[in-house]
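The next block is data.csv, given as CSV, C-alpha atoms.
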chain,number,residue,atom,x,y,z
A,1,MET,CA,10.2,-5.8,0.5
A,2,ASN,CA,7.1,-3.9,-0.4
A,3,ILE,CA,3.0,-1.7,-1.7
A,4,THR,CA,0.7,-0.7,-2.5
A,5,HIS,CA,-0.9,2.4,-3.1
A,6,ALA,CA,-3.9,5.0,-2.5
A,7,ASN,CA,-6.3,7.4,-3.9
A,8,ARG,CA,-8.5,10.3,-3.1
A,9,SER,CA,-8.0,13.2,-0.8
A,10,ALA,CA,-9.7,15.4,1.8
A,11,SER,CA,-9.2,18.9,3.0
A,12,ALA,CA,-5.7,19.6,4.3
A,13,ASP,CA,-6.6,22.8,6.2
A,14,GLN,CA,-10.1,22.3,7.3
A,15,THR,CA,-11.2,20.9,10.6
A,16,VAL,CA,-14.7,20.7,12.0
A,17,GLU,CA,-16.3,20.2,15.4
A,18,ILE,CA,-16.4,16.6,16.6
A,19,PRO,CA,-20.0,15.5,15.8
A,20,THR,CA,-22.5,14.6,18.3
A,21,LEU,CA,-23.3,11.0,19.2
A,22,THR,CA,-26.4,11.0,17.0
A,23,GLU,CA,-24.5,12.4,14.0
A,24,ARG,CA,-21.5,10.1,14.7
A,25,ASP,CA,-23.7,7.0,14.5
A,26,ARG,CA,-25.4,8.0,11.3
A,27,PRO,CA,-23.5,7.2,8.1
A,28,THR,CA,-22.7,10.3,6.1
A,29,ARG,CA,-24.4,10.5,2.7
A,30,PRO,CA,-22.4,10.7,-0.5
A,31,THR,CA,-22.0,14.2,-1.8
A,32,THR,CA,-20.9,15.5,-5.1
A,33,ALA,CA,-18.6,18.1,-3.6
A,34,ARG,CA,-15.0,17.1,-3.5
A,35,ALA,CA,-12.6,18.3,-0.8
A,36,PRO,CA,-9.2,19.8,-1.9
A,37,ARG,CA,-6.7,17.2,-2.8
A,38,LEU,CA,-3.8,16.4,-0.4
A,39,TYR,CA,-1.1,16.6,-3.0
A,40,VAL,CA,1.6,15.9,-0.4
A,41,LEU,CA,0.2,12.3,-0.1
A,42,ASP,CA,1.1,11.8,-3.8
A,43,LEU,CA,4.7,12.9,-3.1
A,44,LEU,CA,4.9,10.8,0.0
A,45,ARG,CA,3.7,7.7,-1.9
A,46,PHE,CA,6.3,8.3,-4.6
A,47,ILE,CA,9.1,8.6,-2.0
A,48,ALA,CA,8.0,5.3,-0.4
A,49,ALA,CA,8.0,3.6,-3.8
A,50,MET,CA,11.5,5.0,-4.7
A,51,SER,CA,12.9,3.8,-1.4
A,52,VAL,CA,11.6,0.3,-2.2
A,53,VAL,CA,13.2,0.5,-5.7
A,54,ALA,CA,16.5,1.5,-4.1
A,55,TYR,CA,16.3,-1.4,-1.7
A,56,HIS,CA,15.8,-4.0,-4.4
A,57,LEU,CA,18.2,-2.6,-6.9
A,58,LEU,CA,21.1,-1.6,-4.6
A,59,PHE,CA,20.8,-3.9,-1.6
A,60,ALA,CA,18.5,-7.0,-1.7
A,61,ASP,CA,20.2,-9.6,-4.0
A,62,ALA,CA,22.2,-6.7,-5.4
A,63,ARG,CA,25.5,-8.7,-5.5
A,64,GLU,CA,23.8,-11.3,-7.8
A,65,SER,CA,22.4,-8.6,-10.0
A,66,TRP,CA,25.6,-6.5,-10.3
A,67,SER,CA,28.1,-9.3,-9.8
A,68,ALA,CA,29.9,-6.9,-7.4
A,69,ASN,CA,29.4,-5.2,-4.1
A,70,THR,CA,27.2,-2.2,-4.7
A,71,ALA,CA,29.2,-0.3,-2.0
A,72,ASP,CA,32.2,-0.5,-4.4
A,73,LEU,CA,30.1,0.5,-7.4
A,74,PHE,CA,28.1,3.4,-5.9
A,75,GLY,CA,29.7,4.1,-2.5
A,76,ALA,CA,29.0,2.7,0.9
A,77,PRO,CA,26.7,5.6,2.0
A,78,LEU,CA,24.3,5.0,-0.8
A,79,ARG,CA,24.2,1.3,-0.2
A,80,GLN,CA,23.7,1.8,3.5
A,81,ALA,CA,20.8,4.2,2.8
A,82,ALA,CA,19.3,1.7,0.4
A,83,SER,CA,19.4,-1.0,3.0
A,84,TYR,CA,16.6,0.7,4.8
A,85,GLY,CA,14.4,1.1,1.8
A,86,TRP,CA,12.2,-1.8,2.9
A,87,LEU,CA,10.7,0.6,5.4
A,88,GLY,CA,8.9,2.2,2.5
A,89,VAL,CA,6.4,-0.6,2.9
A,90,GLU,CA,5.6,0.6,6.4
A,91,LEU,CA,5.0,4.1,5.1
A,92,PHE,CA,2.7,2.7,2.4
A,93,PHE,CA,0.6,1.0,5.0
A,94,MET,CA,0.2,4.2,7.1
A,95,ILE,CA,-0.8,6.1,3.9
A,96,SER,CA,-3.2,3.3,3.0
A,97,GLY,CA,-5.0,3.5,6.4
A,98,PHE,CA,-5.3,7.3,6.0
A,99,VAL,CA,-6.5,7.3,2.4
A,100,ILE,CA,-8.8,4.3,2.5
A,101,CYS,CA,-10.6,5.8,5.5
A,102,MET,CA,-10.8,9.1,3.6
A,103,SER,CA,-11.9,7.7,0.2
A,104,SER,CA,-14.6,5.4,1.7
A,105,TRP,CA,-16.3,8.1,3.7
A,106,GLY,CA,-19.9,8.5,2.6
A,107,ARG,CA,-19.6,5.8,0.0
A,108,PRO,CA,-21.8,2.7,-0.2
A,109,LEU,CA,-20.4,-0.8,0.0
A,110,GLY,CA,-20.6,-1.4,-3.8
A,111,ASP,CA,-18.7,1.8,-4.7
A,112,PHE,CA,-16.0,0.9,-2.2
A,113,PHE,CA,-15.6,-2.6,-3.7
A,114,ILE,CA,-15.5,-1.2,-7.2
A,115,SER,CA,-13.0,1.5,-6.4
A,116,ARG,CA,-10.6,-1.1,-4.8
A,117,VAL,CA,-10.9,-3.6,-7.7
A,118,THR,CA,-10.4,-1.0,-10.4
A,119,ARG,CA,-7.5,0.6,-8.5
A,120,LEU,CA,-5.6,-2.7,-7.9
A,121,MET,CA,-6.3,-5.1,-10.7
A,122,PRO,CA,-5.5,-3.6,-14.1
A,123,ALA,CA,-1.9,-2.7,-13.4
A,124,TYR,CA,-1.4,-5.8,-11.3
A,125,LEU,CA,-2.6,-8.2,-14.1
A,126,PHE,CA,-0.3,-6.4,-16.6
A,127,ALA,CA,2.6,-6.6,-14.2
A,128,VAL,CA,2.2,-10.4,-13.6
A,129,ILE,CA,1.9,-11.1,-17.3
A,130,LEU,CA,4.9,-9.0,-18.2
A,131,THR,CA,7.1,-10.1,-15.4
A,132,ALA,CA,6.3,-13.8,-15.9
A,133,SER,CA,7.1,-13.4,-19.6
A,134,VAL,CA,10.5,-11.8,-18.8
A,135,LEU,CA,11.4,-14.5,-16.2
A,136,VAL,CA,10.4,-17.3,-18.6
A,137,LEU,CA,12.6,-15.9,-21.3
A,138,TRP,CA,15.5,-14.8,-19.0
A,139,PRO,CA,15.3,-16.6,-15.6
A,140,LEU,CA,17.2,-15.0,-12.7
A,141,PRO,CA,20.3,-17.0,-11.5
A,142,GLY,CA,19.4,-19.6,-8.9
A,143,GLU,CA,15.7,-19.3,-9.6
A,144,THR,CA,13.4,-21.4,-11.8
A,145,ALA,CA,11.2,-19.8,-14.4
A,146,PRO,CA,7.6,-19.5,-13.3
A,147,ASN,CA,5.3,-22.3,-14.5
A,148,LEU,CA,1.8,-22.0,-15.7
A,149,PRO,CA,0.1,-22.9,-12.3
A,150,GLN,CA,2.3,-20.3,-10.6
A,151,ILE,CA,1.4,-17.6,-13.1
A,152,ILE,CA,-2.3,-18.4,-12.9
A,153,GLY,CA,-2.1,-18.4,-9.1
A,154,ASN,CA,-0.4,-15.0,-9.1
A,155,LEU,CA,-3.1,-13.5,-11.4
A,156,THR,CA,-5.6,-14.0,-8.5
A,157,MET,CA,-3.6,-11.8,-6.2
A,158,VAL,CA,-4.2,-14.3,-3.4
A,159,GLN,CA,-1.5,-16.7,-4.4
A,160,ASN,CA,-0.1,-16.8,-0.9
A,161,LEU,CA,-3.4,-18.2,0.4
A,162,LEU,CA,-3.1,-20.8,-2.4
A,163,GLN,CA,0.4,-21.6,-1.2
A,164,VAL,CA,1.8,-20.5,-4.5
A,165,ASN,CA,5.1,-18.5,-4.6
A,166,ASN,CA,5.0,-14.9,-5.7
A,167,ILE,CA,6.4,-14.3,-9.2
A,168,ASP,CA,8.0,-11.1,-7.9
A,169,GLU,CA,9.0,-10.1,-4.4
A,170,PRO,CA,6.9,-6.9,-4.0
A,171,TYR,CA,3.7,-8.9,-4.4
A,172,TRP,CA,3.7,-10.1,-0.8
A,173,THR,CA,2.4,-6.8,0.5
A,174,LEU,CA,-0.7,-6.9,-1.7
A,175,LEU,CA,-2.4,-9.7,0.3
A,176,ILE,CA,-1.9,-7.6,3.5
A,177,GLU,CA,-3.6,-4.7,1.7
A,178,LEU,CA,-6.5,-7.0,0.7
A,179,LYS,CA,-6.9,-8.2,4.3
A,180,PHE,CA,-7.2,-4.6,5.4
A,181,TYR,CA,-9.8,-3.9,2.8
A,182,LEU,CA,-11.8,-7.0,3.7
A,183,LEU,CA,-11.7,-6.1,7.4
A,184,PHE,CA,-12.6,-2.4,6.7
A,185,LEU,CA,-15.4,-3.6,4.5
A,186,ILE,CA,-17.3,-4.3,7.7
A,187,VAL,CA,-17.2,-0.7,8.6
A,188,VAL,CA,-18.2,0.4,5.1
A,189,ALA,CA,-21.1,-2.0,5.1
A,190,PHE,CA,-22.6,-0.2,8.1
A,191,GLY,CA,-21.5,3.2,7.0
A,192,VAL,CA,-18.2,4.9,7.8
A,193,THR,CA,-18.6,7.2,10.8
A,194,TYR,CA,-16.3,8.7,13.4
A,195,ARG,CA,-17.4,6.3,16.1
A,196,ARG,CA,-17.2,3.2,13.9
A,197,VAL,CA,-13.7,3.9,12.6
A,198,LEU,CA,-12.6,4.6,16.2
A,199,MET,CA,-14.1,1.2,17.3
A,200,PHE,CA,-12.5,-0.5,14.4
A,201,CYS,CA,-9.1,0.9,15.3
A,202,MET,CA,-9.4,-0.3,18.9
A,203,ILE,CA,-10.8,-3.8,18.1
A,204,TRP,CA,-8.2,-4.4,15.4
A,205,THR,CA,-5.4,-3.4,17.7
A,206,THR,CA,-6.7,-5.7,20.4
A,207,LEU,CA,-7.1,-8.7,18.1
A,208,ALA,CA,-3.6,-8.1,16.7
A,209,LEU,CA,-2.1,-8.1,20.2
A,210,PHE,CA,-3.9,-11.3,21.1
A,211,ALA,CA,-2.8,-12.9,17.8
A,212,HIS,CA,0.8,-12.0,18.6
A,213,SER,CA,0.8,-13.2,22.2
A,214,ALA,CA,-1.3,-16.3,21.7
A,215,ASP,CA,0.8,-17.3,18.6
A,216,SER,CA,-2.4,-18.2,16.8
A,217,ASN,CA,-1.8,-18.9,13.2
A,218,LEU,CA,-5.4,-18.4,12.1
A,219,LEU,CA,-5.8,-15.1,13.9
A,220,THR,CA,-2.4,-13.9,12.8
A,221,MET,CA,-3.3,-14.7,9.2
A,222,VAL,CA,-6.5,-12.6,9.5
A,223,VAL,CA,-5.4,-9.5,11.5
A,224,GLU,CA,-1.7,-9.3,10.6
A,225,PRO,CA,-0.2,-8.2,13.9
A,226,ARG,CA,3.1,-7.2,12.4
A,227,PHE,CA,1.6,-4.4,10.3
A,228,ALA,CA,-1.9,-3.7,11.8
A,229,SER,CA,-0.7,-0.7,13.8
A,230,TYR,CA,0.5,1.1,10.7
A,231,PHE,CA,-3.0,1.0,9.2
A,232,VAL,CA,-4.5,2.0,12.6
A,233,ALA,CA,-2.2,5.0,12.9
A,234,GLY,CA,-3.2,6.2,9.4
A,235,MET,CA,-6.9,5.9,10.2
A,236,ALA,CA,-6.6,7.7,13.5
A,237,LEU,CA,-4.6,10.5,11.9
A,238,TYR,CA,-7.3,10.8,9.3
A,239,LEU,CA,-9.9,11.2,12.0
A,240,ILE,CA,-7.7,14.0,13.5
A,241,HIS,CA,-7.5,15.6,10.1
A,242,ARG,CA,-11.2,15.4,9.5
A,243,PHE,CA,-12.6,16.2,13.0
A,244,GLY,CA,-9.7,17.9,14.9
A,245,HIS,CA,-7.8,17.1,18.0
A,246,SER,CA,-8.9,14.3,20.4
A,247,LEU,CA,-6.9,12.9,23.3
A,248,LEU,CA,-8.2,9.4,22.6
A,249,LEU,CA,-7.1,9.6,18.9
A,250,TRP,CA,-3.6,10.9,19.9
A,251,CYS,CA,-3.4,8.0,22.4
A,252,ILE,CA,-4.2,5.6,19.6
A,253,VAL,CA,-1.5,7.1,17.5
A,254,ALA,CA,1.0,6.9,20.3
A,255,PHE,CA,0.1,3.4,21.3
A,256,SER,CA,0.4,2.3,17.6
A,257,PHE,CA,3.9,3.7,17.5
A,258,ALA,CA,4.9,1.8,20.7
A,259,VAL,CA,3.5,-1.4,19.2
A,260,ASN,CA,5.3,-0.8,15.9
A,261,ALA,CA,8.6,-0.2,17.8
A,262,VAL,CA,8.4,-3.6,19.3
A,263,MET,CA,7.3,-5.3,16.1
A,264,LEU,CA,10.1,-3.5,14.3
A,265,ASP,CA,12.7,-5.0,16.7
A,266,LEU,CA,11.3,-8.4,15.9
A,267,ARG,CA,11.8,-7.8,12.2
A,268,VAL,CA,15.3,-6.2,12.4
A,269,ALA,CA,16.8,-8.6,15.0
A,270,PRO,CA,17.1,-11.6,12.6
A,271,LEU,CA,18.7,-9.4,9.9
A,272,VAL,CA,21.3,-8.1,12.4
A,273,LYS,CA,21.9,-11.7,13.5
A,274,ALA,CA,22.5,-12.7,9.9
A,275,GLY,CA,25.2,-10.1,9.6
A,276,LEU,CA,23.3,-7.5,7.6
A,277,PRO,CA,24.1,-3.8,8.3
A,278,MET,CA,20.8,-3.0,10.0
A,279,SER,CA,20.1,-1.0,13.1
A,280,TRP,CA,16.8,-1.1,15.1
A,281,LYS,CA,17.4,2.5,16.3
A,282,VAL,CA,17.9,3.8,12.8
A,283,SER,CA,14.8,1.9,11.6
A,284,LEU,CA,12.8,3.3,14.5
A,285,LEU,CA,14.0,6.8,13.7
A,286,LEU,CA,12.8,6.5,10.2
A,287,VAL,CA,9.4,5.2,11.3
A,288,ALA,CA,9.2,8.1,13.7
A,289,LEU,CA,9.8,10.4,10.7
A,290,PHE,CA,6.9,8.7,8.9
A,291,TYR,CA,4.7,9.4,11.9
A,292,LEU,CA,5.8,13.0,12.0
A,293,LEU,CA,5.1,13.5,8.3
A,294,MET,CA,1.7,11.9,8.5
A,295,THR,CA,0.9,14.0,11.6
A,296,GLY,CA,1.9,17.1,9.6
A,297,ILE,CA,-0.5,16.0,6.8
A,298,ALA,CA,-3.3,15.4,9.4
A,299,LEU,CA,-2.7,18.9,10.9
A,300,GLY,CA,-2.5,20.7,7.6
A,301,TRP,CA,1.2,21.6,7.7
A,302,PHE,CA,1.6,20.9,4.0
A,303,ALA,CA,-1.6,22.6,2.8
A,304,LYS,CA,0.3,25.0,0.6
A,305,VAL,CA,1.7,22.1,-1.5
A,306,GLN,CA,-0.5,22.4,-4.5
A,307,TRP,CA,1.6,21.4,-7.5
A,308,ARG,CA,-0.7,19.5,-9.8
A,309,GLY,CA,2.2,17.5,-11.2
A,310,LEU,CA,2.3,15.6,-8.0
A,311,VAL,CA,-0.9,13.8,-9.1
A,312,THR,CA,0.9,12.3,-12.0
A,313,ILE,CA,3.9,11.4,-9.9
A,314,GLY,CA,1.6,9.8,-7.3
A,315,ALA,CA,-0.1,7.8,-10.1
A,316,LEU,CA,3.2,6.2,-11.0
A,317,THR,CA,3.8,4.7,-7.6
A,318,TYR,CA,1.7,1.6,-7.9
A,319,PRO,CA,2.9,0.4,-11.4
A,320,LEU,CA,6.5,1.4,-10.5
A,321,TYR,CA,6.2,-0.7,-7.3
A,322,LEU,CA,4.9,-3.7,-9.2
A,323,LEU,CA,7.3,-3.6,-12.1
A,324,HIS,CA,10.8,-2.5,-10.9
A,325,SER,CA,12.2,-5.5,-9.1
A,326,ALA,CA,12.5,-8.7,-11.2
A,327,ASN,CA,12.4,-6.7,-14.5
A,328,GLY,CA,15.0,-4.2,-13.3
A,329,ARG,CA,17.4,-6.9,-12.0
A,330,THR,CA,17.1,-8.8,-15.3
A,331,VAL,CA,18.1,-5.8,-17.3
A,332,ILE,CA,21.0,-5.1,-14.9
A,333,ARG,CA,22.3,-8.7,-15.1
A,334,HIS,CA,22.3,-8.6,-18.9
A,335,LEU,CA,23.9,-5.1,-19.4
A,336,ARG,CA,26.2,-4.8,-16.3
A,337,ASP,CA,29.3,-5.8,-18.3
A,338,ASP,CA,28.8,-3.3,-21.1
A,339,VAL,CA,27.3,-0.2,-19.4
A,340,PRO,CA,28.9,1.9,-16.7
A,341,PRO,CA,27.2,1.2,-13.3
A,342,TRP,CA,25.9,4.7,-12.7
A,343,LEU,CA,24.6,5.0,-16.3
A,344,LEU,CA,23.0,1.6,-16.0
A,345,LEU,CA,21.3,2.4,-12.7
A,346,GLY,CA,20.0,5.7,-14.0
A,347,GLY,CA,18.8,4.0,-17.1
A,348,VAL,CA,17.0,1.2,-15.3
A,349,VAL,CA,15.2,3.6,-12.9
A,350,GLY,CA,14.3,6.0,-15.8
A,351,ALA,CA,13.0,3.1,-17.8
A,352,ALA,CA,11.0,1.8,-14.8
A,353,LEU,CA,9.4,5.3,-14.4
A,354,LEU,CA,8.6,5.5,-18.1
A,355,LEU,CA,7.1,2.1,-18.1
A,356,ALA,CA,5.1,3.0,-15.0
A,357,TYR,CA,3.7,6.0,-16.9
A,358,VAL,CA,2.8,3.9,-19.9
A,359,VAL,CA,1.0,1.4,-17.8
A,360,HIS,CA,-0.9,4.2,-15.9
A,361,ARG,CA,-1.8,5.9,-19.1
A,362,PHE,CA,-2.6,3.0,-21.4
A,363,VAL,CA,-3.5,0.2,-19.0
A,364,GLU,CA,-4.8,1.5,-15.8
A,365,ARG,CA,-7.0,4.3,-17.2
A,366,PRO,CA,-8.8,2.4,-20.0
A,367,LEU,CA,-9.0,-1.0,-18.3
A,368,GLY,CA,-10.0,0.6,-15.0
A,369,ARG,CA,-12.8,2.6,-16.7
A,370,ALA,CA,-14.1,-0.5,-18.5
A,371,LEU,CA,-13.9,-2.6,-15.3
A,372,ARG,CA,-15.7,0.1,-13.4
A,373,ASN,CA,-18.5,0.3,-15.8
A,374,GLY,CA,-18.9,-3.4,-16.0
A,375,LEU,CA,-18.9,-3.8,-12.2
A,376,LYS,CA,-21.4,-1.0,-11.8
A,377,SER,CA,-23.7,-2.6,-14.3
A,378,SER,CA,-23.3,-6.0,-12.5
A,379,PHE,CA,-24.3,-4.5,-9.2
A,380,GLU,CA,-27.2,-2.7,-10.7
A,381,LYS,CA,-28.5,-5.9,-12.2
A,382,ALA,CA,-28.0,-7.7,-8.9
A,383,ARG,CA,-30.0,-4.9,-7.1
A,384,ALA,CA,-32.8,-5.0,-9.7
A,385,ALA,CA,-33.0,-8.8,-9.5
A,386,SER,CA,-33.3,-8.7,-5.7
A,387,GLU,CA,-36.2,-6.3,-5.9
A,388,LEU,CA,-38.2,-8.5,-8.2
A,389,PRO,CA,-41.1,-10.4,-6.6
A,390,ALA,CA,-40.4,-14.0,-5.8
A,391,PRO,CA,-41.9,-16.4,-8.4
A,392,PRO,CA,-45.0,-18.4,-7.3
A,393,PRO,CA,-44.2,-21.8,-5.9
A,394,THR,CA,-44.5,-24.6,-8.4
A,395,VAL,CA,-46.9,-27.5,-7.6

Transcribe the structure of this file into structure tokens.
Amino acid sequence: MNITHANRSASADQTVEIPTLTERDRPTRPTTARAPRLYVLDLLRFIAAMSVVAYHLLFADARESWSANTADLFGAPLRQAASYGWLGVELFFMISGFVICMSSWGRPLGDFFISRVTRLMPAYLFAVILTASVLVLWPLPGETAPNLPQIIGNLTMVQNLLQVNNIDEPYWTLLIELKFYLLFLIVVAFGVTYRRVLMFCMIWTTLALFAHSADSNLLTMVVEPRFASYFVAGMALYLIHRFGHSLLLWCIVAFSFAVNAVMLDLRVAPLVKAGLPMSWKVSLLLVALFYLLMTGIALGWFAKVQWRGLVTIGALTYPLYLLHSANGRTVIRHLRDDVPPWLLLGGVVGAALLLAYVVHRFVERPLGRALRNGLKSSFEKARAASELPAPPPTV
């Protein structure tokens, strides 16, 4: 199971008075001053990514990859811990709600769109091409190699809407992220303010509850009731971080936790019924830990975490998330009979981290820069064209 990802930061130790209604309704203007980076968010993203890596390499389809029970190879405690690695996706969603709200503050719609496209697409396109090539050359057991329509569909990142299967399992979360961005685009279009983010959290939560209770496929597809409350919690905690304590915001955080507890039970119950070693109580305890950590970030508990190396570590999370699963399992399947398990596991994880750095350094940076410049130029041309006087009507 699976992420995506995040970006800029805001002050970890600075709170301000809640703005007046007039200020709250007025979009903040972009400023050149940049608030101190929340380095702990980079660390938390990396932990979430590594938990997903552990889940895929040591638990999900692990017997097929290793041709043995990973509890026998690495010990039952490690396998049991890895079985909860899928919860890293939930942590990713909370971080995303926090960071997207933070990074979009004071930015116009065009800048928000460009930042999301340049953040997501370069590494993703590379991952699809590389993973598809690996699976065409060395298909996984029991799976057919991806064909050209499937590869093209995956390059759009909306393959699930096209009813095309994901080439790699982690990709399923990206559509959920895209839906969040599209929904939040409404707030960005009017200008991100305290009041509008607050209303967005309340409206999205309400629609998600109606979608769940009414069993509406269309509404469910749009508002994602299984995961909406994680994004909402992240946004509410960012408002607490930026503006200080508010009973209403804490109520939103608490309510989102209650909703997530119920949704978590609905997700874990089928796994338990299938005989997997899962526990709703353990899962809920881990989600509660996520809430505690994100609350600590909102309240500035980790303001002294200032190691700049965490920026690089955080930059690895997205390409690592995209590249580790199918590629890692392919390597394991081909080398498992010749390399000791612990050495092979360490080598695969180390190679995935190295590949993630290479992708960040030589794919994300240059392609992201070129894509950003091209999109900015496109928006400028569109604005210039819209300001031209209309041509006289022809007779």

Restricting the calculation to only C-alpha atoms: of A:Glu224, A:Asp61, A:Glu364, A:Glu90, which residue gets closest to Lys179 of chain A?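 For Lys179 of chain A, the nearest of the candidates is A:Glu224.
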
Selection near segment 211-217 of chain A, 12 Å with only C-alpha atoms, sequence-local residues under 4 positions removed, as a PyMOL selection string: chain A and resi 204-207+221-228+259+262-263+266

Which residues, written as a list in words, have at least one atom at most 12 Å from Val305 of chain A, with all atoms listed in the file counted and residues fewer than 2 positions away on the same chain left out? Ala12, Asp13, Pro36, Arg37, Leu38, Tyr39, Val40, Leu41, Asp42, Leu43, Leu44, Ile297, Gly300, Trp301, Phe302, Ala303, Trp307, Arg308, Gly309, Leu310 and Val311 of chain A

Need to verify the contact set: Val158 of chain A, 12 Å, only C-alpha atoms, exclusion of same-chain residues closer than 3 positions in sequence. Can you return it as a PyMOL selection string? chain A and resi 121+124+150-155+161-166+171-179

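Using all atoms listed in the file, the nearest neighbour of Phe200 of chain A within the list A:Arg45, A:Phe231, A:Val134, A:Ala315 is A:Phe231.
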
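Picture a line from atom CA of Gly97 of chain A to atom CA of Val268 of chain A; it runs 23.3 Å.
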
Between A:Ala60, A:Ile313, A:Val349, A:Ala356, single out the one closest to Pro277 of chain A, counting only C-alpha atoms.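 Answer, going by the shortest atom-to-atom distance: A:Ala60.
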
Residues near Ser115 of chain A, cut-off 10 Å, only C-alpha atoms, skip fewer than 2 positions along chain, as a count of residues only: 15

From A:Ile100, A:Leu353, A:Leu247, A:Leu388, residue lying nearest Phe180 of chain A [all atoms listed in the file]: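 Residue with the minimum atom-to-atom distance to Phe180 of chain A: A:Ile100.
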
Show me, as a Markdown table, the residues of segment 136-219 of chain A having an atom within 12 Å of segment 331-348 of chain A, each with the closest atom pair and its distance in Å, using only C-alpha atoms.
| residue | atom | partner | partner_atom | distance |
| --- | --- | --- | --- | --- |
| A:Trp138 | CA | A:His334 | CA | 9.2 |
| A:Pro139 | CA | A:Arg333 | CA | 10.6 |
| A:Leu140 | CA | A:Arg333 | CA | 8.5 |
| A:Pro141 | CA | A:Arg333 | CA | 9.3 |

Rounded to one decimal place, report the atom CA of Leu137 of chain A-atom CA of His324 of chain A distance in Å. 17.1 Å

Determine, counting only C-alpha atoms, which protein, DNA and RNA residues have an atom within 8 Å of an atom of Ala298 of chain A; residues of the same chain fewer than 6 positions away are not included. Present the result as a list in words.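 In the requested format, the answer is Ala12, Leu237, Tyr238, Ile240, His241 and Arg242 of chain A.
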
Among listed residues A:Leu286, A:Met202, A:Leu135, A:Val128, nearest Leu91 of chain A (using all atoms listed in the file): A:Leu286

Could you jot down the atom CA of Ala351 of chain A to atom CA of Pro122 of chain A separation for me, Å, one decimal place? 20.0 Å

Using only C-alpha atoms, find the one residue out of A:Trp250, A:Phe190, A:Phe290, A:Tyr318 that sits nearest to Leu355 of chain A.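 Nearest candidate to Leu355 of chain A out of A:Trp250, A:Phe190, A:Phe290, A:Tyr318: A:Tyr318.
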